>>> print(open('upload19.pdb').read())   # PDB, C-alpha atoms and all ligand atoms
ATOM      1  CA  VAL A   1       0.000   0.000   0.000  1.00  0.00           C
ATOM      2  CA  GLU A   2       1.273   3.441  -1.037  1.00  0.00           C
ATOM      3  CA  ARG A   3       2.316   6.404   1.116  1.00  0.00           C
ATOM      4  CA  THR A   4       2.637  10.079   0.251  1.00  0.00           C
ATOM      5  CA  LEU A   5       3.893  13.197   2.009  1.00  0.00           C
ATOM      6  CA  SER A   6       1.325  15.907   2.622  1.00  0.00           C
ATOM      7  CA  ILE A   7       1.829  19.395   4.049  1.00  0.00           C
ATOM      8  CA  ILE A   8      -0.945  21.636   5.333  1.00  0.00           C
ATOM      9  CA  LYS A   9       0.565  25.006   4.439  1.00  0.00           C
ATOM     10  CA  PRO A  10       0.754  28.233   6.518  1.00  0.00           C
ATOM     11  CA  ASP A  11      -2.296  29.910   4.946  1.00  0.00           C
ATOM     12  CA  ALA A  12      -4.406  26.948   6.127  1.00  0.00           C
ATOM     13  CA  THR A  13      -2.915  26.437   9.612  1.00  0.00           C
ATOM     14  CA  LYS A  14      -3.294  30.182  10.215  1.00  0.00           C
ATOM     15  CA  ARG A  15      -7.019  29.953   9.421  1.00  0.00           C
ATOM     16  CA  ASN A  16      -7.454  26.892  11.682  1.00  0.00           C
ATOM     17  CA  LEU A  17      -8.350  24.579   8.778  1.00  0.00           C
ATOM     18  CA  THR A  18      -6.297  21.513   9.759  1.00  0.00           C
ATOM     19  CA  GLY A  19      -9.325  19.476  10.855  1.00  0.00           C
ATOM     20  CA  LYS A  20     -11.433  20.352   7.810  1.00  0.00           C
ATOM     21  CA  ILE A  21      -8.571  19.424   5.483  1.00  0.00           C
ATOM     22  CA  ASN A  22      -7.895  16.167   7.348  1.00  0.00           C
ATOM     23  CA  ALA A  23     -11.600  15.289   7.022  1.00  0.00           C
ATOM     24  CA  LYS A  24     -11.254  15.584   3.214  1.00  0.00           C
ATOM     25  CA  PHE A  25      -8.327  13.147   3.265  1.00  0.00           C
ATOM     26  CA  GLU A  26     -10.095  10.668   5.528  1.00  0.00           C
ATOM     27  CA  ASP A  27     -13.362  10.889   3.563  1.00  0.00           C
ATOM     28  CA  ALA A  28     -11.356   9.968   0.432  1.00  0.00           C
ATOM     29  CA  GLY A  29     -10.053   6.822   2.143  1.00  0.00           C
ATOM     30  CA  LEU A  30      -6.592   8.137   2.973  1.00  0.00           C
ATOM     31  CA  ARG A  31      -5.254   7.201   6.429  1.00  0.00           C
ATOM     32  CA  ILE A  32      -3.085   9.682   8.361  1.00  0.00           C
ATOM     33  CA  VAL A  33      -0.299   7.382   9.590  1.00  0.00           C
ATOM     34  CA  ALA A  34       2.030  10.165  10.835  1.00  0.00           C
ATOM     35  CA  GLN A  35       1.488  13.826  11.594  1.00  0.00           C
ATOM     36  CA  LYS A  36       3.236  16.718  13.337  1.00  0.00           C
ATOM     37  CA  ARG A  37       3.077  20.491  13.486  1.00  0.00           C
ATOM     38  CA  ILE A  38       6.409  22.239  12.911  1.00  0.00           C
ATOM     39  CA  HIS A  39       7.665  25.710  12.041  1.00  0.00           C
ATOM     40  CA  LEU A  40      10.105  25.445   9.127  1.00  0.00           C
ATOM     41  CA  THR A  41      13.009  27.824   8.762  1.00  0.00           C
ATOM     42  CA  LYS A  42      13.336  29.460   5.362  1.00  0.00           C
ATOM     43  CA  ALA A  43      16.447  27.321   4.769  1.00  0.00           C
ATOM     44  CA  GLN A  44      14.543  24.104   5.545  1.00  0.00           C
ATOM     45  CA  ALA A  45      11.744  25.152   3.192  1.00  0.00           C
ATOM     46  CA  GLY A  46      14.393  25.896   0.565  1.00  0.00           C
ATOM     47  CA  VAL A  47      15.823  22.383   0.796  1.00  0.00           C
ATOM     48  CA  PHE A  48      12.348  20.852   0.590  1.00  0.00           C
ATOM     49  CA  TYR A  49      11.476  22.882  -2.537  1.00  0.00           C
ATOM     50  CA  ALA A  50      14.998  22.743  -4.056  1.00  0.00           C
ATOM     51  CA  VAL A  51      13.526  21.366  -7.299  1.00  0.00           C
ATOM     52  CA  HIS A  52      11.942  24.807  -7.820  1.00  0.00           C
ATOM     53  CA  ALA A  53      15.153  26.782  -7.066  1.00  0.00           C
ATOM     54  CA  GLU A  54      15.299  28.284 -10.556  1.00  0.00           C
ATOM     55  CA  ARG A  55      11.632  29.308 -10.685  1.00  0.00           C
ATOM     56  CA  PRO A  56      10.765  33.007 -10.268  1.00  0.00           C
ATOM     57  CA  PHE A  57       8.475  32.292  -7.299  1.00  0.00           C
ATOM     58  CA  TYR A  58      11.068  30.269  -5.311  1.00  0.00           C
ATOM     59  CA  ASP A  59      12.046  32.962  -2.797  1.00  0.00           C
ATOM     60  CA  GLU A  60       8.415  33.953  -2.188  1.00  0.00           C
ATOM     61  CA  LEU A  61       7.480  30.270  -1.779  1.00  0.00           C
ATOM     62  CA  CYS A  62      10.210  29.666   0.821  1.00  0.00           C
ATOM     63  CA  GLU A  63       9.262  32.847   2.752  1.00  0.00           C
ATOM     64  CA  PHE A  64       5.636  31.725   2.743  1.00  0.00           C
ATOM     65  CA  MET A  65       6.389  28.174   3.916  1.00  0.00           C
ATOM     66  CA  ALA A  66       8.404  29.605   6.835  1.00  0.00           C
ATOM     67  CA  SER A  67       5.865  32.315   7.729  1.00  0.00           C
ATOM     68  CA  GLU A  68       3.699  30.251  10.102  1.00  0.00           C
ATOM     69  CA  PRO A  69       3.664  26.636  11.348  1.00  0.00           C
ATOM     70  CA  VAL A  70       2.793  23.821   8.934  1.00  0.00           C
ATOM     71  CA  VAL A  71       1.386  20.338   9.561  1.00  0.00           C
ATOM     72  CA  VAL A  72       3.453  17.646   7.866  1.00  0.00           C
ATOM     73  CA  GLN A  73       1.837  14.246   7.519  1.00  0.00           C
ATOM     74  CA  VAL A  74       2.094  10.874   5.825  1.00  0.00           C
ATOM     75  CA  LEU A  75      -1.057   9.642   4.090  1.00  0.00           C
ATOM     76  CA  GLU A  76      -1.497   5.951   3.298  1.00  0.00           C
ATOM     77  CA  GLY A  77      -3.881   4.125   0.985  1.00  0.00           C
ATOM     78  CA  GLU A  78      -4.331   2.410  -2.376  1.00  0.00           C
ATOM     79  CA  GLY A  79      -2.908   4.814  -4.979  1.00  0.00           C
ATOM     80  CA  ALA A  80      -2.338   7.383  -2.221  1.00  0.00           C
ATOM     81  CA  ILE A  81      -0.219   9.742  -4.344  1.00  0.00           C
ATOM     82  CA  ALA A  82      -2.789  10.169  -7.121  1.00  0.00           C
ATOM     83  CA  LYS A  83      -5.730  10.084  -4.725  1.00  0.00           C
ATOM     84  CA  ASN A  84      -4.206  12.823  -2.578  1.00  0.00           C
ATOM     85  CA  ARG A  85      -3.537  15.041  -5.603  1.00  0.00           C
ATOM     86  CA  GLU A  86      -7.120  14.502  -6.728  1.00  0.00           C
ATOM     87  CA  VAL A  87      -8.446  15.612  -3.328  1.00  0.00           C
ATOM     88  CA  MET A  88      -6.059  18.612  -3.343  1.00  0.00           C
ATOM     89  CA  GLY A  89      -7.183  19.906  -6.748  1.00  0.00           C
ATOM     90  CA  ALA A  90      -5.188  21.945  -9.280  1.00  0.00           C
ATOM     91  CA  THR A  91      -2.259  24.116  -8.127  1.00  0.00           C
ATOM     92  CA  ASN A  92      -4.172  27.295  -8.995  1.00  0.00           C
ATOM     93  CA  PRO A  93      -7.438  27.367  -7.010  1.00  0.00           C
ATOM     94  CA  ALA A  94      -9.116  29.085  -9.969  1.00  0.00           C
ATOM     95  CA  ASP A  95      -8.611  25.831 -11.913  1.00  0.00           C
ATOM     96  CA  ALA A  96      -9.382  23.432  -9.053  1.00  0.00           C
ATOM     97  CA  ALA A  97     -12.434  21.173  -9.377  1.00  0.00           C
ATOM     98  CA  PRO A  98     -15.393  21.874  -7.063  1.00  0.00           C
ATOM     99  CA  GLY A  99     -15.153  20.074  -3.730  1.00  0.00           C
ATOM    100  CA  THR A 100     -11.356  19.856  -3.768  1.00  0.00           C
ATOM    101  CA  ILE A 101      -9.305  21.319  -0.913  1.00  0.00           C
ATOM    102  CA  ARG A 102      -7.824  24.050  -3.082  1.00  0.00           C
ATOM    103  CA  ALA A 103     -11.202  24.989  -4.572  1.00  0.00           C
ATOM    104  CA  GLU A 104     -12.688  25.366  -1.098  1.00  0.00           C
ATOM    105  CA  PHE A 105      -9.789  26.777   0.904  1.00  0.00           C
ATOM    106  CA  ALA A 106      -6.838  28.043  -1.170  1.00  0.00           C
ATOM    107  CA  GLU A 107      -6.261  31.788  -1.382  1.00  0.00           C
ATOM    108  CA  SER A 108      -4.002  31.992  -4.462  1.00  0.00           C
ATOM    109  CA  VAL A 109      -1.684  29.912  -6.668  1.00  0.00           C
ATOM    110  CA  GLY A 110       1.097  30.464  -4.121  1.00  0.00           C
ATOM    111  CA  GLU A 111      -0.911  30.244  -0.896  1.00  0.00           C
ATOM    112  CA  ASN A 112      -2.754  27.111  -1.896  1.00  0.00           C
ATOM    113  CA  SER A 113      -3.264  25.346   1.452  1.00  0.00           C
ATOM    114  CA  VAL A 114      -1.673  21.947   0.763  1.00  0.00           C
ATOM    115  CA  HIS A 115       1.316  20.157  -0.739  1.00  0.00           C
ATOM    116  CA  GLY A 116       1.319  16.566  -1.971  1.00  0.00           C
ATOM    117  CA  SER A 117       4.142  14.447  -3.389  1.00  0.00           C
ATOM    118  CA  ASP A 118       3.905  13.988  -7.172  1.00  0.00           C
ATOM    119  CA  ALA A 119       5.516  10.534  -7.709  1.00  0.00           C
ATOM    120  CA  PRO A 120       6.737   7.476  -5.744  1.00  0.00           C
ATOM    121  CA  GLU A 121      10.380   8.636  -5.888  1.00  0.00           C
ATOM    122  CA  THR A 122       9.605  12.128  -4.582  1.00  0.00           C
ATOM    123  CA  ALA A 123       7.241  10.700  -1.956  1.00  0.00           C
ATOM    124  CA  ALA A 124      10.039   8.529  -0.543  1.00  0.00           C
ATOM    125  CA  VAL A 125      12.490  11.448  -0.388  1.00  0.00           C
ATOM    126  CA  GLU A 126       9.923  13.858   1.071  1.00  0.00           C
ATOM    127  CA  ILE A 127       8.692  11.399   3.737  1.00  0.00           C
ATOM    128  CA  ALA A 128      12.291  10.730   4.804  1.00  0.00           C
ATOM    129  CA  TYR A 129      12.919  14.487   5.093  1.00  0.00           C
ATOM    130  CA  PHE A 130      10.384  14.763   7.936  1.00  0.00           C
ATOM    131  CA  PHE A 131       9.780  11.317   9.468  1.00  0.00           C
ATOM    132  CA  SER A 132      11.635   8.224  10.644  1.00  0.00           C
ATOM    133  CA  GLY A 133      10.148   4.774  10.014  1.00  0.00           C
ATOM    134  CA  LEU A 134       9.241   4.457  13.696  1.00  0.00           C
ATOM    135  CA  GLU A 135       6.963   7.508  13.507  1.00  0.00           C
ATOM    136  CA  MET A 136       4.660   6.004  10.864  1.00  0.00           C
ATOM    137  CA  VAL A 137       1.982   3.757  12.296  1.00  0.00           C
TER
HETATM  138  P1  LIG B   1       2.889  21.191  -4.368  1.00  0.00           P
HETATM  139  O1  LIG B   1       4.215  20.769  -4.905  1.00  0.00           O
HETATM  140  O2  LIG B   1       2.981  22.277  -3.292  1.00  0.00           O
HETATM  141  O3  LIG B   1       2.039  20.033  -3.963  1.00  0.00           O
HETATM  142  P2  LIG B   1       1.942  21.456  -7.040  1.00  0.00           P
HETATM  143  O4  LIG B   1       2.667  20.179  -7.286  1.00  0.00           O
HETATM  144  O5  LIG B   1       0.499  21.523  -7.389  1.00  0.00           O
HETATM  145  O6  LIG B   1       2.058  21.888  -5.529  1.00  0.00           O
HETATM  146  P3  LIG B   1       4.243  22.845  -8.124  1.00  0.00           P
HETATM  147  O7  LIG B   1       4.330  23.194  -9.559  1.00  0.00           O
HETATM  148  O8  LIG B   1       5.049  21.696  -7.602  1.00  0.00           O
HETATM  149  O9  LIG B   1       2.682  22.657  -7.758  1.00  0.00           O
HETATM  150  O10 LIG B   1       4.603  24.164  -7.300  1.00  0.00           O
HETATM  151  C1  LIG B   1       4.970  24.075  -5.944  1.00  0.00           C
HETATM  152  C2  LIG B   1       4.328  25.201  -5.185  1.00  0.00           C
HETATM  153  O11 LIG B   1       4.900  26.448  -5.608  1.00  0.00           O
HETATM  154  C3  LIG B   1       2.814  25.400  -5.440  1.00  0.00           C
HETATM  155  O12 LIG B   1       2.003  24.556  -4.659  1.00  0.00           O
HETATM  156  C4  LIG B   1       2.637  26.845  -5.049  1.00  0.00           C
HETATM  157  O13 LIG B   1       2.576  26.995  -3.623  1.00  0.00           O
HETATM  158  C5  LIG B   1       3.925  27.473  -5.562  1.00  0.00           C
HETATM  159  N1  LIG B   1       3.728  27.999  -6.906  1.00  0.00           N
HETATM  160  C6  LIG B   1       3.607  27.307  -8.060  1.00  0.00           C
HETATM  161  N2  LIG B   1       3.425  28.108  -9.118  1.00  0.00           N
HETATM  162  C7  LIG B   1       3.422  29.378  -8.621  1.00  0.00           C
HETATM  163  C8  LIG B   1       3.275  30.681  -9.194  1.00  0.00           C
HETATM  164  N3  LIG B   1       3.088  30.832 -10.500  1.00  0.00           N
HETATM  165  N4  LIG B   1       3.334  31.744  -8.369  1.00  0.00           N
HETATM  166  C9  LIG B   1       3.521  31.593  -7.026  1.00  0.00           C
HETATM  167  N5  LIG B   1       3.686  30.397  -6.428  1.00  0.00           N
HETATM  168  C10 LIG B   1       3.628  29.306  -7.206  1.00  0.00           C
HETATM  169 MG    MG B   2       4.698  19.829  -6.677  1.00  0.00          MG
END
>>> encode(input="upload19.pdb", output="structure tokens")
Amino acid sequence: VERTLSIIKPDATKRNLTGKINAKFEDAGLRIVAQKRIHLTKAQAGVFYAVHAERPFYDELCEFMASEPVVVQVLEGEGAIAKNREVMGATNPADAAPGTIRAEFAESVGENSVHGSDAPETAAVEIAYFFSGLEMV
């Protein structure tokens, strides 16, 4: 069974939306097998989003991710990576399907409430960045 790394981003934790977002995951059949609230430094956010280092929004993205606490979590289920991205909706909330997390909660393309891994390889790296095997039950 597959696992993926999810982050509830600062715009959502600030608005006290953690429970509503977790309900969307659980309603979709995803199980939260690890979860913690942390406050990333800008440098830690930069390492996490290193793949976007050359993009024009990189600095803004790292500032945002370090602006308030985030909730990092591991979601488990059949096809968890694709299922999570389906529940999240498109990156830009204007394009996100009705009922998705980003359609309901995201404020902008940058402040879009959630992150989800995009492939098995990135999921493995991203999970290992935040959690040890013992923390996932
Ligand atoms: P994530 O990786 O956070 O799950 P995603 O895979 O849908 O989101 P990516 O293309 O990987 O989108 O972009 C990573 C993050 O960078 C986005 O979620 C968003 O917060 C930010 N971002 C992407 N495009 C823009 C943009 N044009 N302007 C500002 N921020 C952006
Ligand atoms: Mg991405």
>>> closest_residue(input="upload19.pdb", among="A:Glu126, A:Asp59, A:Glu78, A:Glu104", to="ligand MG 2 (chain B)", atoms="only C-alpha atoms and all ligand atoms")
A:Glu126
>>> resolve_selection(input="upload19.pdb", expression="the PyMOL selection byres (((not hetatm)) within 9 of (chain B and resi 1))", output="PyMOL selection string")
chain A and resi 6-7+9+49+51-52+55-58+60-62+64-65+85+88-92+108-118
>>> closest_residue(input="upload19.pdb", among="A:Ala12, A:Leu40, A:Leu75, A:Ile21", to="Ile127 in chain A", atoms="only C-alpha atoms")
A:Leu75
>>> closest_residue(input="upload19.pdb", among="A:Ala97, A:Ala43, A:Ile81, A:Ile32", to="Ala123 in chain A", atoms="all atoms listed in the file")
A:Ile81
>>> resolve_selection(input="upload19.pdb", expression="the PyMOL selection byres (((chain A and resi 137) around 8) and not hetatm)", output="number ranges by chain")
A: 33-34, 134-136
>>> closest_residue(input="upload19.pdb", among="A:Thr18, A:Phe48, A:Arg3, A:Phe25", to="ligand MG 2 (chain B)", atoms="only C-alpha atoms and all ligand atoms")
A:Phe48
>>> atom_distance(input="upload19.pdb", atom1="CA of Arg37 in chain A", atom2="CA of Glu76 in chain A")
18.3 Å
>>> resolve_selection(input="upload19.pdb", expression="the PyMOL selection byres (((chain A and resi 13) around 9) and not hetatm)", output="ChimeraX atom specification")
/A:8-12,14-18,68-71,113
>>> atom_distance(input="upload19.pdb", atom1="CA of Gln35 in chain A", atom2="CA of Phe131 in chain A")
8.9 Å
>>> closest_residue(input="upload19.pdb", among="A:Ala28, A:Leu5, A:Ala23, A:Ile38", to="ligand MG 2 (chain B)", atoms="only C-alpha atoms and all ligand atoms")
A:Leu5
>>> closest_residue(input="upload19.pdb", among="A:Ala128, A:Ala50, A:Phe105, A:Gly79", to="ligand MG 2 (chain B)", atoms="only C-alpha atoms and all ligand atoms")
A:Ala50
>>> axis_aligned_box(input="upload19.pdb", around="range 105-112 of chain A", padding_each_side="3 Å", output="JSON")
{"center_x": -4.3, "center_y": 29.4, "center_z": -2.9, "size_x": 16.9, "size_y": 11.2, "size_z": 13.6}
>>> atom_distance(input="upload19.pdb", atom1="CA of Gly133 in chain A", atom2="CA of Ser67 in chain A")
28.0 Å
>>> decode(input="upload19.pdb", residues="range 26-40 of chain A", atoms="all heavy atoms", output="PDB file, in the first residue's frame")
ATOM      1  N   GLU A  26      -9.513  11.891   4.953  1.00  0.00           N
ATOM      2  CA  GLU A  26     -10.095  10.668   5.528  1.00  0.00           C
ATOM      3  C   GLU A  26     -11.345  10.250   4.768  1.00  0.00           C
ATOM      4  O   GLU A  26     -11.557   9.054   4.520  1.00  0.00           O
ATOM      5  CB  GLU A  26     -10.377  10.878   7.018  1.00  0.00           C
ATOM      6  CG  GLU A  26      -9.072  11.041   7.804  1.00  0.00           C
ATOM      7  CD  GLU A  26      -9.250  11.089   9.306  1.00  0.00           C
ATOM      8  OE1 GLU A  26     -10.336  11.480   9.777  1.00  0.00           O
ATOM      9  OE2 GLU A  26      -8.287  10.738  10.016  1.00  0.00           O
ATOM     10  N   ASP A  27     -12.155  11.213   4.343  1.00  0.00           N
ATOM     11  CA  ASP A  27     -13.362  10.889   3.563  1.00  0.00           C
ATOM     12  C   ASP A  27     -12.995  10.232   2.232  1.00  0.00           C
ATOM     13  O   ASP A  27     -13.796   9.478   1.667  1.00  0.00           O
ATOM     14  CB  ASP A  27     -14.192  12.151   3.296  1.00  0.00           C
ATOM     15  CG  ASP A  27     -14.899  12.653   4.560  1.00  0.00           C
ATOM     16  OD1 ASP A  27     -14.924  11.911   5.565  1.00  0.00           O
ATOM     17  OD2 ASP A  27     -15.417  13.782   4.531  1.00  0.00           O
ATOM     18  N   ALA A  28     -11.806  10.551   1.701  1.00  0.00           N
ATOM     19  CA  ALA A  28     -11.356   9.968   0.432  1.00  0.00           C
ATOM     20  C   ALA A  28     -10.697   8.606   0.639  1.00  0.00           C
ATOM     21  O   ALA A  28     -10.221   7.992  -0.319  1.00  0.00           O
ATOM     22  CB  ALA A  28     -10.386  10.932  -0.259  1.00  0.00           C
ATOM     23  N   GLY A  29     -10.624   8.143   1.888  1.00  0.00           N
ATOM     24  CA  GLY A  29     -10.053   6.822   2.143  1.00  0.00           C
ATOM     25  C   GLY A  29      -8.563   6.842   2.435  1.00  0.00           C
ATOM     26  O   GLY A  29      -7.927   5.789   2.501  1.00  0.00           O
ATOM     27  N   LEU A  30      -8.006   8.043   2.614  1.00  0.00           N
ATOM     28  CA  LEU A  30      -6.592   8.137   2.973  1.00  0.00           C
ATOM     29  C   LEU A  30      -6.465   8.090   4.500  1.00  0.00           C
ATOM     30  O   LEU A  30      -7.255   8.719   5.206  1.00  0.00           O
ATOM     31  CB  LEU A  30      -5.998   9.442   2.427  1.00  0.00           C
ATOM     32  CG  LEU A  30      -5.898   9.494   0.904  1.00  0.00           C
ATOM     33  CD1 LEU A  30      -5.722  10.940   0.423  1.00  0.00           C
ATOM     34  CD2 LEU A  30      -4.736   8.632   0.418  1.00  0.00           C
ATOM     35  N   ARG A  31      -5.475   7.329   4.981  1.00  0.00           N
ATOM     36  CA  ARG A  31      -5.254   7.201   6.429  1.00  0.00           C
ATOM     37  C   ARG A  31      -4.054   8.051   6.823  1.00  0.00           C
ATOM     38  O   ARG A  31      -3.001   7.988   6.175  1.00  0.00           O
ATOM     39  CB  ARG A  31      -4.992   5.725   6.760  1.00  0.00           C
ATOM     40  CG  ARG A  31      -4.842   5.425   8.248  1.00  0.00           C
ATOM     41  CD  ARG A  31      -4.737   3.922   8.477  1.00  0.00           C
ATOM     42  NE  ARG A  31      -5.957   3.234   8.059  1.00  0.00           N
ATOM     43  CZ  ARG A  31      -7.040   3.086   8.826  1.00  0.00           C
ATOM     44  NH1 ARG A  31      -7.045   3.546  10.057  1.00  0.00           N
ATOM     45  NH2 ARG A  31      -8.099   2.455   8.362  1.00  0.00           N
ATOM     46  N   ILE A  32      -4.192   8.856   7.869  1.00  0.00           N
ATOM     47  CA  ILE A  32      -3.085   9.682   8.361  1.00  0.00           C
ATOM     48  C   ILE A  32      -2.249   8.815   9.290  1.00  0.00           C
ATOM     49  O   ILE A  32      -2.650   8.559  10.428  1.00  0.00           O
ATOM     50  CB  ILE A  32      -3.622  10.940   9.078  1.00  0.00           C
ATOM     51  CG1 ILE A  32      -4.505  11.755   8.127  1.00  0.00           C
ATOM     52  CG2 ILE A  32      -2.458  11.789   9.611  1.00  0.00           C
ATOM     53  CD1 ILE A  32      -5.414  12.773   8.841  1.00  0.00           C
ATOM     54  N   VAL A  33      -1.097   8.335   8.801  1.00  0.00           N
ATOM     55  CA  VAL A  33      -0.299   7.382   9.590  1.00  0.00           C
ATOM     56  C   VAL A  33       0.851   8.066  10.333  1.00  0.00           C
ATOM     57  O   VAL A  33       1.552   7.427  11.128  1.00  0.00           O
ATOM     58  CB  VAL A  33       0.233   6.208   8.726  1.00  0.00           C
ATOM     59  CG1 VAL A  33      -0.942   5.399   8.175  1.00  0.00           C
ATOM     60  CG2 VAL A  33       1.129   6.695   7.595  1.00  0.00           C
ATOM     61  N   ALA A  34       1.058   9.362  10.079  1.00  0.00           N
ATOM     62  CA  ALA A  34       2.030  10.165  10.835  1.00  0.00           C
ATOM     63  C   ALA A  34       1.643  11.615  10.651  1.00  0.00           C
ATOM     64  O   ALA A  34       1.155  11.995   9.580  1.00  0.00           O
ATOM     65  CB  ALA A  34       3.450   9.931  10.332  1.00  0.00           C
ATOM     66  N   GLN A  35       1.869  12.414  11.699  1.00  0.00           N
ATOM     67  CA  GLN A  35       1.488  13.826  11.594  1.00  0.00           C
ATOM     68  C   GLN A  35       2.189  14.629  12.677  1.00  0.00           C
ATOM     69  O   GLN A  35       2.238  14.218  13.822  1.00  0.00           O
ATOM     70  CB  GLN A  35      -0.032  13.952  11.751  1.00  0.00           C
ATOM     71  CG  GLN A  35      -0.558  15.379  11.808  1.00  0.00           C
ATOM     72  CD  GLN A  35      -2.073  15.426  11.678  1.00  0.00           C
ATOM     73  OE1 GLN A  35      -2.611  15.667  10.618  1.00  0.00           O
ATOM     74  NE2 GLN A  35      -2.783  15.171  12.771  1.00  0.00           N
ATOM     75  N   LYS A  36       2.712  15.799  12.312  1.00  0.00           N
ATOM     76  CA  LYS A  36       3.236  16.718  13.337  1.00  0.00           C
ATOM     77  C   LYS A  36       3.193  18.141  12.827  1.00  0.00           C
ATOM     78  O   LYS A  36       3.237  18.401  11.625  1.00  0.00           O
ATOM     79  CB  LYS A  36       4.662  16.334  13.757  1.00  0.00           C
ATOM     80  CG  LYS A  36       5.701  16.338  12.653  1.00  0.00           C
ATOM     81  CD  LYS A  36       7.013  15.717  13.165  1.00  0.00           C
ATOM     82  CE  LYS A  36       7.978  15.432  12.029  1.00  0.00           C
ATOM     83  NZ  LYS A  36       9.123  14.614  12.469  1.00  0.00           N
ATOM     84  N   ARG A  37       3.101  19.066  13.799  1.00  0.00           N
ATOM     85  CA  ARG A  37       3.077  20.491  13.486  1.00  0.00           C
ATOM     86  C   ARG A  37       4.467  21.043  13.765  1.00  0.00           C
ATOM     87  O   ARG A  37       5.012  20.859  14.861  1.00  0.00           O
ATOM     88  CB  ARG A  37       2.022  21.156  14.362  1.00  0.00           C
ATOM     89  CG  ARG A  37       1.854  22.648  14.155  1.00  0.00           C
ATOM     90  CD  ARG A  37       0.644  23.102  14.967  1.00  0.00           C
ATOM     91  NE  ARG A  37       0.720  24.507  15.329  1.00  0.00           N
ATOM     92  CZ  ARG A  37      -0.022  25.467  14.771  1.00  0.00           C
ATOM     93  NH1 ARG A  37      -0.888  25.177  13.823  1.00  0.00           N
ATOM     94  NH2 ARG A  37       0.094  26.716  15.169  1.00  0.00           N
ATOM     95  N   ILE A  38       5.046  21.702  12.778  1.00  0.00           N
ATOM     96  CA  ILE A  38       6.409  22.239  12.911  1.00  0.00           C
ATOM     97  C   ILE A  38       6.459  23.628  12.286  1.00  0.00           C
ATOM     98  O   ILE A  38       5.587  23.994  11.482  1.00  0.00           O
ATOM     99  CB  ILE A  38       7.459  21.326  12.217  1.00  0.00           C
ATOM    100  CG1 ILE A  38       7.144  21.157  10.728  1.00  0.00           C
ATOM    101  CG2 ILE A  38       7.524  19.969  12.906  1.00  0.00           C
ATOM    102  CD1 ILE A  38       8.205  20.361   9.965  1.00  0.00           C
ATOM    103  N   HIS A  39       7.456  24.399  12.678  1.00  0.00           N
ATOM    104  CA  HIS A  39       7.665  25.710  12.041  1.00  0.00           C
ATOM    105  C   HIS A  39       8.981  25.643  11.280  1.00  0.00           C
ATOM    106  O   HIS A  39      10.059  25.642  11.876  1.00  0.00           O
ATOM    107  CB  HIS A  39       7.673  26.827  13.096  1.00  0.00           C
ATOM    108  CG  HIS A  39       7.484  28.185  12.516  1.00  0.00           C
ATOM    109  ND1 HIS A  39       6.801  29.200  13.151  1.00  0.00           N
ATOM    110  CD2 HIS A  39       7.880  28.703  11.324  1.00  0.00           C
ATOM    111  CE1 HIS A  39       6.785  30.284  12.379  1.00  0.00           C
ATOM    112  NE2 HIS A  39       7.442  29.999  11.271  1.00  0.00           N
ATOM    113  N   LEU A  40       8.914  25.552   9.965  1.00  0.00           N
ATOM    114  CA  LEU A  40      10.105  25.445   9.127  1.00  0.00           C
ATOM    115  C   LEU A  40      10.894  26.750   9.135  1.00  0.00           C
ATOM    116  O   LEU A  40      10.307  27.837   9.167  1.00  0.00           O
ATOM    117  CB  LEU A  40       9.705  25.148   7.681  1.00  0.00           C
ATOM    118  CG  LEU A  40       9.085  23.780   7.377  1.00  0.00           C
ATOM    119  CD1 LEU A  40       8.504  23.775   5.964  1.00  0.00           C
ATOM    120  CD2 LEU A  40      10.136  22.691   7.524  1.00  0.00           C
TER     121      LEU A  40
END
